[in-house]
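Chemist: My questions will all concern the structure given below.
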Amino acid sequence: MAEPGKRPITAAILPVAGLGTRVLPATKAIPKEMLPVVDKPVVQFVVEEALAAGIERIVLVTGRGKGAIEDHFDHMFELEASLRARGKDEGLAAASDFVPQPGQVISTRQQSPLGLGHAVWCARHAVGDGAVAVLLPDVIIRAPRGCLAQMVDVYDRHGGNVVALEEVPWDVTYRYGIVETGARDGSTVEVTGMVEKPKAGEAPSNLSLVGRYILQPEVFAALASQEPGAGGEIQLTDAMASLLGKQPFHGLVYDGRQFDCGDKAGYVEANAAYGLDHPDIGPEVRKRLAALLSQA
Ligand code: UTP
């Protein structure tokens, strides 16, 4: 195996096996990762971000009731044939334009939702022996250039591990994974510590992890022996923390902003933001939102 930092990024892991309890009842029969933002399921935004960063192997960690996600990345022959026969070219393009290359999307299974760290560990045999990217598929990031592509630039410079960071108000740091930082060079900071959901007043900074990571494969050994942490779940943050001081570890305060679609308010906000941006319906959405706000 090459030195940390000289390893290529061989796969992107998307853990999609969680229960999505925060957006119930929507997620009773639909995976939360399939909830649409305007006209695209959230997981598609995230797969597009990984492909745009040059990563060719996408590993979905799925669970029971998540089959719709695998179907979404395949052709729907009956639908496509029917749209073709009716001359519905726009619909046909929308249904078939984004289908990854054969073999590019691989699935593995997390039999019980024991936590994000456990879900990532379940992908260990499917990722090759390089570094891996991990993308939380319920977080979409609007950015002038894909967040993961921005992180790959930092990885090319520093190697090791790279996490995406965003500033949050100090009084809500207890909701997030928060990092402790060392030297800063522009938007890149050295990460010297991290804690998942610190108690109020105990956060080491107001820079939070946003759900995009580039990690060295040693993280899998750390996860294998990781005890449950915050919320009784096996936490990725705890396993990453065990790599600190042993390998280079940097954070990128990326250019852009995130929408947490696993949270009701974040999901509604994402629909408003992407609706306003949409080339076809943007002006109409703006009018309707303005009218709603003026009546509120
Ligand atoms: P979340 O904590 O946001 O997902 O994990 P959740 O557990 O589904 O959400 P709530 O709190 O019940 O609403 C972030 C990502 O990690 C995946 C989820 O599917 C989500 O995309 N995840 C989480 C797993 O794959 N397995 C787990 O055991 C936990």
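Order determines the names: the first chain of the structure tokens is A, the second B, and so forth; residues in each chain are numbered 1 upward, and ligands are numbered 1 upward as they are shown.
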Write out as a PyMOL selection string each polymer residue (protein, DNA or RNA) that has an atom no more than 10 Å from ligand 1, with only C-alpha atoms and all ligand atoms counted.

Modeler: chain A and resi 13-24+27+31-33+42-43+60-63+66+109-120+122+134-139+211+231+233-236+260-264

Chemist: Please compute the CA of Asp255 in chain A-CA of Pro217 in chain A distance, one decimal, in Å.

Modeler: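 Answer for the CA of Asp255 in chain A to CA of Pro217 in chain A separation: 26.6 Å.
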
Chemist: Name the closest residue to Gly266 in chain A among the candidates A:Arg175, A:Ile30, A:Phe45, A:Val37; distances are taken between atoms, counting only C-alpha atoms.

Modeler: A:Val37

Chemist: Excluding same-chain residues fewer than 6 positions from Glu202 in chain A, what lies within 12 Å of it counting only C-alpha atoms, as a PDB file with all heavy atoms, in the first residue's frame?

Modeler:
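Okay, part_38.pdb is ready:
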ATOM      1  N   TRP A 170     -22.187  29.930  17.460  1.00  0.00           N
ATOM      2  CA  TRP A 170     -21.637  29.260  18.655  1.00  0.00           C
ATOM      3  C   TRP A 170     -22.723  28.590  19.491  1.00  0.00           C
ATOM      4  O   TRP A 170     -22.495  27.550  20.086  1.00  0.00           O
ATOM      5  CB  TRP A 170     -20.876  30.272  19.523  1.00  0.00           C
ATOM      6  CG  TRP A 170     -19.481  30.529  19.026  1.00  0.00           C
ATOM      7  CD1 TRP A 170     -19.082  31.537  18.191  1.00  0.00           C
ATOM      8  CD2 TRP A 170     -18.312  29.745  19.306  1.00  0.00           C
ATOM      9  NE1 TRP A 170     -17.735  31.422  17.936  1.00  0.00           N
ATOM     10  CE2 TRP A 170     -17.236  30.345  18.613  1.00  0.00           C
ATOM     11  CE3 TRP A 170     -18.057  28.615  20.071  1.00  0.00           C
ATOM     12  CZ2 TRP A 170     -15.939  29.847  18.669  1.00  0.00           C
ATOM     13  CZ3 TRP A 170     -16.766  28.121  20.129  1.00  0.00           C
ATOM     14  CH2 TRP A 170     -15.727  28.723  19.435  1.00  0.00           C
ATOM     15  N   ASP A 171     -23.926  29.195  19.524  1.00  0.00           N
ATOM     16  CA  ASP A 171     -24.949  28.652  20.429  1.00  0.00           C
ATOM     17  C   ASP A 171     -25.619  27.380  19.904  1.00  0.00           C
ATOM     18  O   ASP A 171     -26.450  26.793  20.592  1.00  0.00           O
ATOM     19  CB  ASP A 171     -26.011  29.726  20.766  1.00  0.00           C
ATOM     20  CG  ASP A 171     -26.709  30.245  19.524  1.00  0.00           C
ATOM     21  OD1 ASP A 171     -26.185  30.028  18.418  1.00  0.00           O
ATOM     22  OD2 ASP A 171     -27.781  30.860  19.657  1.00  0.00           O
ATOM     23  N   VAL A 172     -25.247  26.940  18.692  1.00  0.00           N
ATOM     24  CA  VAL A 172     -25.829  25.672  18.215  1.00  0.00           C
ATOM     25  C   VAL A 172     -24.759  24.604  17.962  1.00  0.00           C
ATOM     26  O   VAL A 172     -25.043  23.568  17.351  1.00  0.00           O
ATOM     27  CB  VAL A 172     -26.704  25.861  16.948  1.00  0.00           C
ATOM     28  CG1 VAL A 172     -27.918  26.718  17.254  1.00  0.00           C
ATOM     29  CG2 VAL A 172     -25.901  26.442  15.784  1.00  0.00           C
ATOM     30  N   THR A 173     -23.543  24.854  18.443  1.00  0.00           N
ATOM     31  CA  THR A 173     -22.450  23.890  18.192  1.00  0.00           C
ATOM     32  C   THR A 173     -22.777  22.506  18.766  1.00  0.00           C
ATOM     33  O   THR A 173     -22.289  21.500  18.259  1.00  0.00           O
ATOM     34  CB  THR A 173     -21.118  24.378  18.790  1.00  0.00           C
ATOM     35  OG1 THR A 173     -21.362  24.819  20.122  1.00  0.00           O
ATOM     36  CG2 THR A 173     -20.503  25.506  17.980  1.00  0.00           C
ATOM     37  N   TYR A 174     -23.624  22.453  19.806  1.00  0.00           N
ATOM     38  CA  TYR A 174     -23.949  21.163  20.439  1.00  0.00           C
ATOM     39  C   TYR A 174     -24.679  20.205  19.499  1.00  0.00           C
ATOM     40  O   TYR A 174     -24.800  19.026  19.782  1.00  0.00           O
ATOM     41  CB  TYR A 174     -24.796  21.390  21.713  1.00  0.00           C
ATOM     42  CG  TYR A 174     -26.168  21.941  21.415  1.00  0.00           C
ATOM     43  CD1 TYR A 174     -27.249  21.090  21.197  1.00  0.00           C
ATOM     44  CD2 TYR A 174     -26.385  23.313  21.338  1.00  0.00           C
ATOM     45  CE1 TYR A 174     -28.512  21.591  20.899  1.00  0.00           C
ATOM     46  CE2 TYR A 174     -27.633  23.827  21.028  1.00  0.00           C
ATOM     47  CZ  TYR A 174     -28.685  22.966  20.812  1.00  0.00           C
ATOM     48  OH  TYR A 174     -29.921  23.465  20.499  1.00  0.00           O
ATOM     49  N   ILE A 178     -17.809  18.906  15.809  1.00  0.00           N
ATOM     50  CA  ILE A 178     -17.033  20.163  15.820  1.00  0.00           C
ATOM     51  C   ILE A 178     -15.539  19.828  15.874  1.00  0.00           C
ATOM     52  O   ILE A 178     -15.136  18.896  16.575  1.00  0.00           O
ATOM     53  CB  ILE A 178     -17.423  21.018  17.056  1.00  0.00           C
ATOM     54  CG1 ILE A 178     -18.917  21.397  17.000  1.00  0.00           C
ATOM     55  CG2 ILE A 178     -16.545  22.261  17.193  1.00  0.00           C
ATOM     56  CD1 ILE A 178     -19.297  22.434  15.962  1.00  0.00           C
ATOM     57  N   VAL A 179     -14.726  20.613  15.125  1.00  0.00           N
ATOM     58  CA  VAL A 179     -13.288  20.352  15.128  1.00  0.00           C
ATOM     59  C   VAL A 179     -12.530  21.371  15.973  1.00  0.00           C
ATOM     60  O   VAL A 179     -12.984  22.492  16.179  1.00  0.00           O
ATOM     61  CB  VAL A 179     -12.688  20.356  13.686  1.00  0.00           C
ATOM     62  CG1 VAL A 179     -13.281  19.243  12.853  1.00  0.00           C
ATOM     63  CG2 VAL A 179     -12.853  21.707  13.010  1.00  0.00           C
ATOM     64  N   GLU A 180     -11.354  20.927  16.432  1.00  0.00           N
ATOM     65  CA  GLU A 180     -10.389  21.810  17.092  1.00  0.00           C
ATOM     66  C   GLU A 180      -9.318  22.061  16.042  1.00  0.00           C
ATOM     67  O   GLU A 180      -8.933  21.127  15.325  1.00  0.00           O
ATOM     68  CB  GLU A 180      -9.796  21.047  18.277  1.00  0.00           C
ATOM     69  CG  GLU A 180      -8.946  21.877  19.176  1.00  0.00           C
ATOM     70  CD  GLU A 180      -8.480  21.040  20.375  1.00  0.00           C
ATOM     71  OE1 GLU A 180      -9.198  20.081  20.779  1.00  0.00           O
ATOM     72  OE2 GLU A 180      -7.394  21.329  20.851  1.00  0.00           O
ATOM     73  N   MET A 194     -11.440  16.596  17.396  1.00  0.00           N
ATOM     74  CA  MET A 194     -12.843  16.686  16.967  1.00  0.00           C
ATOM     75  C   MET A 194     -13.737  15.998  17.983  1.00  0.00           C
ATOM     76  O   MET A 194     -13.310  15.066  18.675  1.00  0.00           O
ATOM     77  CB  MET A 194     -13.050  16.104  15.571  1.00  0.00           C
ATOM     78  CG  MET A 194     -12.606  14.699  15.365  1.00  0.00           C
ATOM     79  SD  MET A 194     -12.931  14.159  13.663  1.00  0.00           S
ATOM     80  CE  MET A 194     -11.834  15.169  12.737  1.00  0.00           C
ATOM     81  N   VAL A 195     -14.935  16.510  18.084  1.00  0.00           N
ATOM     82  CA  VAL A 195     -15.869  15.945  19.053  1.00  0.00           C
ATOM     83  C   VAL A 195     -17.268  15.966  18.449  1.00  0.00           C
ATOM     84  O   VAL A 195     -17.666  16.940  17.812  1.00  0.00           O
ATOM     85  CB  VAL A 195     -15.779  16.705  20.409  1.00  0.00           C
ATOM     86  CG1 VAL A 195     -15.908  18.204  20.230  1.00  0.00           C
ATOM     87  CG2 VAL A 195     -16.821  16.207  21.402  1.00  0.00           C
ATOM     88  N   GLU A 196     -18.006  14.865  18.619  1.00  0.00           N
ATOM     89  CA  GLU A 196     -19.368  14.779  18.090  1.00  0.00           C
ATOM     90  C   GLU A 196     -20.325  15.365  19.128  1.00  0.00           C
ATOM     91  O   GLU A 196     -20.327  14.966  20.282  1.00  0.00           O
ATOM     92  CB  GLU A 196     -19.707  13.312  17.793  1.00  0.00           C
ATOM     93  CG  GLU A 196     -21.031  13.066  17.090  1.00  0.00           C
ATOM     94  CD  GLU A 196     -21.123  13.721  15.714  1.00  0.00           C
ATOM     95  OE1 GLU A 196     -20.142  13.694  14.966  1.00  0.00           O
ATOM     96  OE2 GLU A 196     -22.204  14.274  15.409  1.00  0.00           O
TER      97      GLU A 196
END

Chemist: So which residues of range 91-269 of chain A fall under alpha helix (DSSP H) by DSSP, listed as a short mmCIF file (atom, residue, chain, number, x, y, z; two decimals) with all heavy atoms, in the first residue's frame?

Modeler:
data_model
loop_
_atom_site.label_atom_id
_atom_site.label_comp_id
_atom_site.auth_asym_id
_atom_site.auth_seq_id
_atom_site.Cartn_x
_atom_site.Cartn_y
_atom_site.Cartn_z
N GLY A 91 -39.23 14.28 -21.30
CA GLY A 91 -39.40 13.31 -20.22
C GLY A 91 -38.39 12.18 -20.35
O GLY A 91 -37.78 11.74 -19.37
N LEU A 92 -38.16 11.75 -21.59
CA LEU A 92 -37.22 10.66 -21.85
C LEU A 92 -35.81 11.07 -21.41
O LEU A 92 -35.09 10.31 -20.75
CB LEU A 92 -37.24 10.30 -23.34
CG LEU A 92 -36.32 9.16 -23.77
CD1 LEU A 92 -36.70 7.86 -23.06
CD2 LEU A 92 -36.39 8.95 -25.28
N ALA A 93 -35.44 12.30 -21.76
CA ALA A 93 -34.10 12.78 -21.36
C ALA A 93 -34.00 12.84 -19.84
O ALA A 93 -33.01 12.40 -19.26
CB ALA A 93 -33.84 14.16 -21.97
N ALA A 94 -35.05 13.36 -19.18
CA ALA A 94 -35.02 13.48 -17.72
C ALA A 94 -34.90 12.11 -17.06
O ALA A 94 -34.21 11.94 -16.05
CB ALA A 94 -36.26 14.20 -17.21
N ALA A 95 -35.57 11.10 -17.66
CA ALA A 95 -35.57 9.77 -17.04
C ALA A 95 -34.29 9.00 -17.31
O ALA A 95 -33.91 8.13 -16.53
CB ALA A 95 -36.77 8.96 -17.53
N SER A 96 -33.62 9.28 -18.44
CA SER A 96 -32.51 8.41 -18.82
C SER A 96 -31.15 9.09 -18.89
O SER A 96 -30.13 8.41 -18.99
CB SER A 96 -32.81 7.75 -20.16
OG SER A 96 -32.98 8.76 -21.14
N LEU A 116 -23.54 5.86 11.68
CA LEU A 116 -22.83 6.24 10.46
C LEU A 116 -21.48 5.53 10.35
O LEU A 116 -21.10 5.04 9.28
CB LEU A 116 -22.65 7.77 10.45
CG LEU A 116 -21.77 8.34 9.37
CD1 LEU A 116 -22.32 8.04 7.98
CD2 LEU A 116 -21.62 9.86 9.55
N GLY A 117 -20.73 5.47 11.46
CA GLY A 117 -19.41 4.83 11.42
C GLY A 117 -19.54 3.37 11.03
O GLY A 117 -18.76 2.86 10.21
N HIS A 118 -20.52 2.69 11.58
CA HIS A 118 -20.74 1.29 11.26
C HIS A 118 -21.10 1.13 9.78
O HIS A 118 -20.63 0.21 9.10
CB HIS A 118 -21.83 0.72 12.17
CG HIS A 118 -22.10 -0.74 11.94
ND1 HIS A 118 -23.19 -1.17 11.21
CD2 HIS A 118 -21.43 -1.85 12.31
CE1 HIS A 118 -23.17 -2.50 11.16
NE2 HIS A 118 -22.11 -2.93 11.82
N ALA A 119 -21.92 2.05 9.26
CA ALA A 119 -22.31 1.98 7.84
C ALA A 119 -21.08 2.11 6.96
O ALA A 119 -20.92 1.37 5.99
CB ALA A 119 -23.33 3.07 7.52
N VAL A 120 -20.19 3.04 7.29
CA VAL A 120 -18.97 3.22 6.49
C VAL A 120 -18.11 1.96 6.55
O VAL A 120 -17.59 1.49 5.53
CB VAL A 120 -18.18 4.47 6.99
CG1 VAL A 120 -16.80 4.54 6.35
CG2 VAL A 120 -18.98 5.74 6.69
N TRP A 121 -18.00 1.37 7.73
CA TRP A 121 -17.21 0.13 7.91
C TRP A 121 -17.77 -1.01 7.04
O TRP A 121 -17.01 -1.82 6.50
CB TRP A 121 -17.23 -0.24 9.39
CG TRP A 121 -16.47 -1.47 9.74
CD1 TRP A 121 -15.12 -1.62 9.76
CD2 TRP A 121 -17.03 -2.74 10.12
NE1 TRP A 121 -14.79 -2.90 10.14
CE2 TRP A 121 -15.94 -3.61 10.36
CE3 TRP A 121 -18.33 -3.21 10.28
CZ2 TRP A 121 -16.12 -4.94 10.76
CZ3 TRP A 121 -18.52 -4.53 10.67
CH2 TRP A 121 -17.42 -5.37 10.90
N CYS A 147 -18.26 20.63 -3.80
CA CYS A 147 -17.51 20.64 -2.53
C CYS A 147 -16.43 19.55 -2.55
O CYS A 147 -15.28 19.79 -2.16
CB CYS A 147 -18.48 20.42 -1.38
SG CYS A 147 -17.68 20.29 0.21
N LEU A 148 -16.77 18.35 -3.02
CA LEU A 148 -15.77 17.28 -2.99
C LEU A 148 -14.61 17.59 -3.94
O LEU A 148 -13.45 17.32 -3.61
CB LEU A 148 -16.41 15.92 -3.33
CG LEU A 148 -15.50 14.73 -3.10
CD1 LEU A 148 -15.12 14.58 -1.62
CD2 LEU A 148 -16.13 13.43 -3.59
N ALA A 149 -14.90 18.21 -5.07
CA ALA A 149 -13.82 18.60 -6.00
C ALA A 149 -12.89 19.60 -5.31
O ALA A 149 -11.66 19.53 -5.44
CB ALA A 149 -14.40 19.19 -7.28
N GLN A 150 -13.46 20.55 -4.53
CA GLN A 150 -12.63 21.50 -3.78
C GLN A 150 -11.75 20.76 -2.78
O GLN A 150 -10.58 21.10 -2.57
CB GLN A 150 -13.50 22.51 -3.02
CG GLN A 150 -14.36 23.41 -3.90
CD GLN A 150 -15.25 24.34 -3.06
OE1 GLN A 150 -14.85 24.86 -2.02
NE2 GLN A 150 -16.48 24.54 -3.51
N MET A 151 -12.31 19.71 -2.16
CA MET A 151 -11.54 18.94 -1.17
C MET A 151 -10.42 18.13 -1.82
O MET A 151 -9.35 17.94 -1.24
CB MET A 151 -12.48 18.00 -0.41
CG MET A 151 -13.47 18.73 0.47
SD MET A 151 -14.77 17.64 1.04
CE MET A 151 -13.88 16.55 2.12
N VAL A 152 -10.69 17.64 -3.04
CA VAL A 152 -9.66 16.87 -3.75
C VAL A 152 -8.43 17.76 -4.00
O VAL A 152 -7.29 17.30 -3.90
CB VAL A 152 -10.23 16.26 -5.06
CG1 VAL A 152 -9.11 15.68 -5.93
CG2 VAL A 152 -11.25 15.16 -4.74
N ASP A 153 -8.65 19.05 -4.26
CA ASP A 153 -7.51 19.97 -4.42
C ASP A 153 -6.65 19.99 -3.16
O ASP A 153 -5.42 19.97 -3.21
CB ASP A 153 -7.99 21.41 -4.69
CG ASP A 153 -8.66 21.53 -6.06
OD1 ASP A 153 -8.50 20.61 -6.88
OD2 ASP A 153 -9.34 22.55 -6.28
N VAL A 154 -7.32 20.04 -2.00
CA VAL A 154 -6.58 20.05 -0.71
C VAL A 154 -5.86 18.72 -0.53
O VAL A 154 -4.70 18.66 -0.10
CB VAL A 154 -7.55 20.33 0.47
CG1 VAL A 154 -6.81 20.27 1.80
CG2 VAL A 154 -8.24 21.67 0.30
N TYR A 155 -6.53 17.63 -0.90
CA TYR A 155 -5.92 16.29 -0.77
C TYR A 155 -4.68 16.19 -1.66
O TYR A 155 -3.65 15.64 -1.25
CB TYR A 155 -6.95 15.22 -1.17
CG TYR A 155 -6.43 13.81 -1.03
CD1 TYR A 155 -6.14 13.29 0.24
CD2 TYR A 155 -6.19 13.00 -2.13
CE1 TYR A 155 -5.64 12.00 0.39
CE2 TYR A 155 -5.70 11.72 -1.99
CZ TYR A 155 -5.43 11.22 -0.73
OH TYR A 155 -4.93 9.95 -0.58
N ASP A 156 -4.77 16.75 -2.87
CA ASP A 156 -3.62 16.69 -3.78
C ASP A 156 -2.42 17.45 -3.19
O ASP A 156 -1.28 17.08 -3.41
CB ASP A 156 -3.98 17.27 -5.16
CG ASP A 156 -4.92 16.33 -5.93
OD1 ASP A 156 -5.01 15.15 -5.55
OD2 ASP A 156 -5.57 16.79 -6.88
N ARG A 157 -2.70 18.51 -2.42
CA ARG A 157 -1.61 19.30 -1.82
C ARG A 157 -1.06 18.64 -0.56
O ARG A 157 0.14 18.58 -0.36
CB ARG A 157 -2.12 20.70 -1.43
CG ARG A 157 -2.16 21.69 -2.56
CD ARG A 157 -2.09 23.13 -2.08
NE ARG A 157 -3.11 23.48 -1.10
CZ ARG A 157 -4.37 23.80 -1.41
NH1 ARG A 157 -4.76 23.79 -2.66
NH2 ARG A 157 -5.23 24.11 -0.46
N HIS A 158 -1.95 18.14 0.30
CA HIS A 158 -1.53 17.71 1.65
C HIS A 158 -1.60 16.20 1.89
O HIS A 158 -1.02 15.70 2.84
CB HIS A 158 -2.40 18.38 2.72
CG HIS A 158 -2.25 19.87 2.75
ND1 HIS A 158 -1.15 20.49 3.30
CD2 HIS A 158 -3.06 20.85 2.29
CE1 HIS A 158 -1.30 21.81 3.19
NE2 HIS A 158 -2.45 22.05 2.57
N GLU A 218 -6.93 3.38 6.82
CA GLU A 218 -6.75 3.00 8.23
C GLU A 218 -8.01 3.28 9.04
O GLU A 218 -8.19 2.74 10.14
CB GLU A 218 -5.55 3.73 8.85
CG GLU A 218 -4.19 3.22 8.41
CD GLU A 218 -3.78 3.64 7.00
OE1 GLU A 218 -4.41 4.56 6.45
OE2 GLU A 218 -2.84 3.03 6.44
N VAL A 219 -8.90 4.12 8.49
CA VAL A 219 -10.14 4.42 9.22
C VAL A 219 -10.96 3.14 9.44
O VAL A 219 -11.68 3.01 10.44
CB VAL A 219 -10.97 5.52 8.50
CG1 VAL A 219 -11.66 4.98 7.25
CG2 VAL A 219 -11.99 6.14 9.44
N PHE A 220 -10.83 2.16 8.53
CA PHE A 220 -11.63 0.94 8.68
C PHE A 220 -11.19 0.14 9.91
O PHE A 220 -12.03 -0.42 10.61
CB PHE A 220 -11.57 0.09 7.41
CG PHE A 220 -12.23 0.75 6.24
CD1 PHE A 220 -11.49 1.18 5.15
CD2 PHE A 220 -13.60 0.98 6.24
CE1 PHE A 220 -12.10 1.80 4.08
CE2 PHE A 220 -14.22 1.61 5.17
CZ PHE A 220 -13.47 2.03 4.09
N ALA A 221 -9.86 0.09 10.16
CA ALA A 221 -9.38 -0.62 11.35
C ALA A 221 -9.87 0.11 12.60
O ALA A 221 -10.28 -0.51 13.59
CB ALA A 221 -7.86 -0.71 11.33
N ALA A 222 -9.85 1.45 12.55
CA ALA A 222 -10.33 2.23 13.70
C ALA A 222 -11.82 1.95 13.93
O ALA A 222 -12.27 1.78 15.07
CB ALA A 222 -10.08 3.71 13.47
N LEU A 223 -12.59 1.87 12.85
CA LEU A 223 -14.03 1.63 12.99
C LEU A 223 -14.31 0.23 13.52
O LEU A 223 -15.28 0.02 14.27
CB LEU A 223 -14.72 1.80 11.63
CG LEU A 223 -14.91 3.24 11.17
CD1 LEU A 223 -15.29 3.28 9.69
CD2 LEU A 223 -15.97 3.94 12.02
N ALA A 224 -13.46 -0.74 13.13
CA ALA A 224 -13.70 -2.13 13.55
C ALA A 224 -13.70 -2.26 15.07
O ALA A 224 -14.43 -3.09 15.61
CB ALA A 224 -12.63 -3.04 12.94
N LEU A 236 -18.61 7.95 13.14
CA LEU A 236 -17.46 8.15 12.25
C LEU A 236 -16.49 9.17 12.87
O LEU A 236 -15.27 9.01 12.78
CB LEU A 236 -17.97 8.65 10.89
CG LEU A 236 -16.91 8.88 9.81
CD1 LEU A 236 -16.16 7.59 9.48
CD2 LEU A 236 -17.52 9.46 8.54
N THR A 237 -17.05 10.18 13.53
CA THR A 237 -16.19 11.22 14.12
C THR A 237 -15.20 10.61 15.11
O THR A 237 -14.03 10.99 15.13
CB THR A 237 -17.06 12.28 14.85
OG1 THR A 237 -18.06 12.73 13.93
CG2 THR A 237 -16.24 13.46 15.32
N ASP A 238 -15.64 9.66 15.94
CA ASP A 238 -14.74 9.05 16.93
C ASP A 238 -13.61 8.29 16.24
O ASP A 238 -12.46 8.34 16.68
CB ASP A 238 -15.53 8.10 17.85
CG ASP A 238 -16.60 8.83 18.65
OD1 ASP A 238 -16.45 10.05 18.83
OD2 ASP A 238 -17.58 8.18 19.09
N ALA A 239 -13.93 7.56 15.16
CA ALA A 239 -12.89 6.80 14.44
C ALA A 239 -11.92 7.76 13.76
O ALA A 239 -10.70 7.54 13.78
CB ALA A 239 -13.54 5.87 13.42
N MET A 240 -12.44 8.85 13.19
CA MET A 240 -11.55 9.83 12.56
C MET A 240 -10.63 10.45 13.59
O MET A 240 -9.44 10.65 13.33
CB MET A 240 -12.36 10.94 11.88
CG MET A 240 -13.11 10.47 10.65
SD MET A 240 -13.79 11.84 9.69
CE MET A 240 -14.88 12.63 10.86
N ALA A 241 -11.18 10.72 14.78
CA ALA A 241 -10.38 11.35 15.84
C ALA A 241 -9.18 10.48 16.19
O ALA A 241 -8.11 10.98 16.53
CB ALA A 241 -11.24 11.61 17.07
N LYS A 264 -36.48 18.53 8.64
CA LYS A 264 -37.64 19.09 7.91
C LYS A 264 -37.40 20.52 7.42
O LYS A 264 -37.66 20.84 6.27
CB LYS A 264 -38.89 19.06 8.81
CG LYS A 264 -39.49 17.67 8.88
CD LYS A 264 -40.69 17.62 9.81
CE LYS A 264 -41.04 16.15 10.04
NZ LYS A 264 -41.89 15.91 11.20
N ALA A 265 -36.87 21.39 8.32
CA ALA A 265 -36.68 22.79 7.91
C ALA A 265 -35.63 22.88 6.80
O ALA A 265 -35.79 23.64 5.84
CB ALA A 265 -36.28 23.64 9.11
N GLY A 266 -34.56 22.08 6.92
CA GLY A 266 -33.50 22.09 5.91
C GLY A 266 -34.02 21.61 4.56
O GLY A 266 -33.67 22.14 3.50
N TYR A 267 -34.91 20.64 4.62
CA TYR A 267 -35.48 20.08 3.38
C TYR A 267 -36.36 21.12 2.67
O TYR A 267 -36.26 21.32 1.46
CB TYR A 267 -36.27 18.81 3.73
CG TYR A 267 -36.94 18.20 2.53
CD1 TYR A 267 -36.19 17.70 1.48
CD2 TYR A 267 -38.33 18.13 2.45
CE1 TYR A 267 -36.81 17.14 0.36
CE2 TYR A 267 -38.95 17.58 1.35
CZ TYR A 267 -38.19 17.09 0.31
OH TYR A 267 -38.79 16.55 -0.80
N VAL A 268 -37.19 21.80 3.45
CA VAL A 268 -38.07 22.82 2.86
C VAL A 268 -37.21 23.96 2.29
O VAL A 268 -37.45 24.46 1.18
CB VAL A 268 -39.07 23.35 3.92
CG1 VAL A 268 -39.85 24.54 3.39
CG2 VAL A 268 -40.03 22.23 4.35
N GLU A 269 -36.17 24.34 3.04
CA GLU A 269 -35.27 25.42 2.60
C GLU A 269 -34.58 25.04 1.28
O GLU A 269 -34.44 25.86 0.37
CB GLU A 269 -34.22 25.67 3.68
CG GLU A 269 -33.37 26.89 3.44
CD GLU A 269 -32.24 27.01 4.48
OE1 GLU A 269 -31.91 26.00 5.14
OE2 GLU A 269 -31.68 28.10 4.59
#

Chemist: Using only C-alpha atoms, can you tell me which of A:Glu167, A:Leu83, A:Met34, A:Gln216 comes closest to Ala68 in chain A?

Modeler: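 Using only C-alpha atoms, the shortest distance to Ala68 in chain A belongs to A:Met34.
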
Chemist: Report, in Å with one decimal, the straight-line distance from CA of Gln258 in chain A to CA of Ala11 in chain A.

Modeler: 22.1 Å

Chemist: Rounded to one decimal place, report the CA of Ile55 in chain A-CA of Val191 in chain A distance in Å.

Modeler: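 One can read the CA of Ile55 in chain A to CA of Val191 in chain A distance as 24.2 Å.
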
Chemist: Find, counting only C-alpha atoms, the residue in A:Phe73, A:Arg7, A:Asp129, A:Leu209 that gets nearest to Glu48 in chain A.

Modeler: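 Ranking A:Phe73, A:Arg7, A:Asp129, A:Leu209 by distance to Glu48 in chain A, first place goes to A:Phe73.
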
Chemist: Here is a test: counting only C-alpha atoms, which residue of A:Lys88, A:Arg212, A:Lys40, A:Arg257 is nearest to Ile141 in chain A?

Modeler: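 Counting only C-alpha atoms, the residue closest to Ile141 in chain A is A:Arg257.
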
Chemist: Which of range 48-241 of chain A counts as strand (DSSP E) under DSSP, as a count of residues only please?

Modeler: 53

Chemist: Which polymer residues have any atom within 12 Å of an atom of Pro102 in chain A, counting only C-alpha atoms, with same-chain residues fewer than 6 positions away left out, as a ChimeraX atom specification?

Modeler: /A:56-58,73-75

Chemist: Out of A:Lys287, A:Arg145, A:Lys246, A:Lys197, which residue has the shortest atom-to-atom distance to Glu49 in chain A when counting only C-alpha atoms?

Modeler: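 Answer, going by the shortest atom-to-atom distance: A:Arg145.
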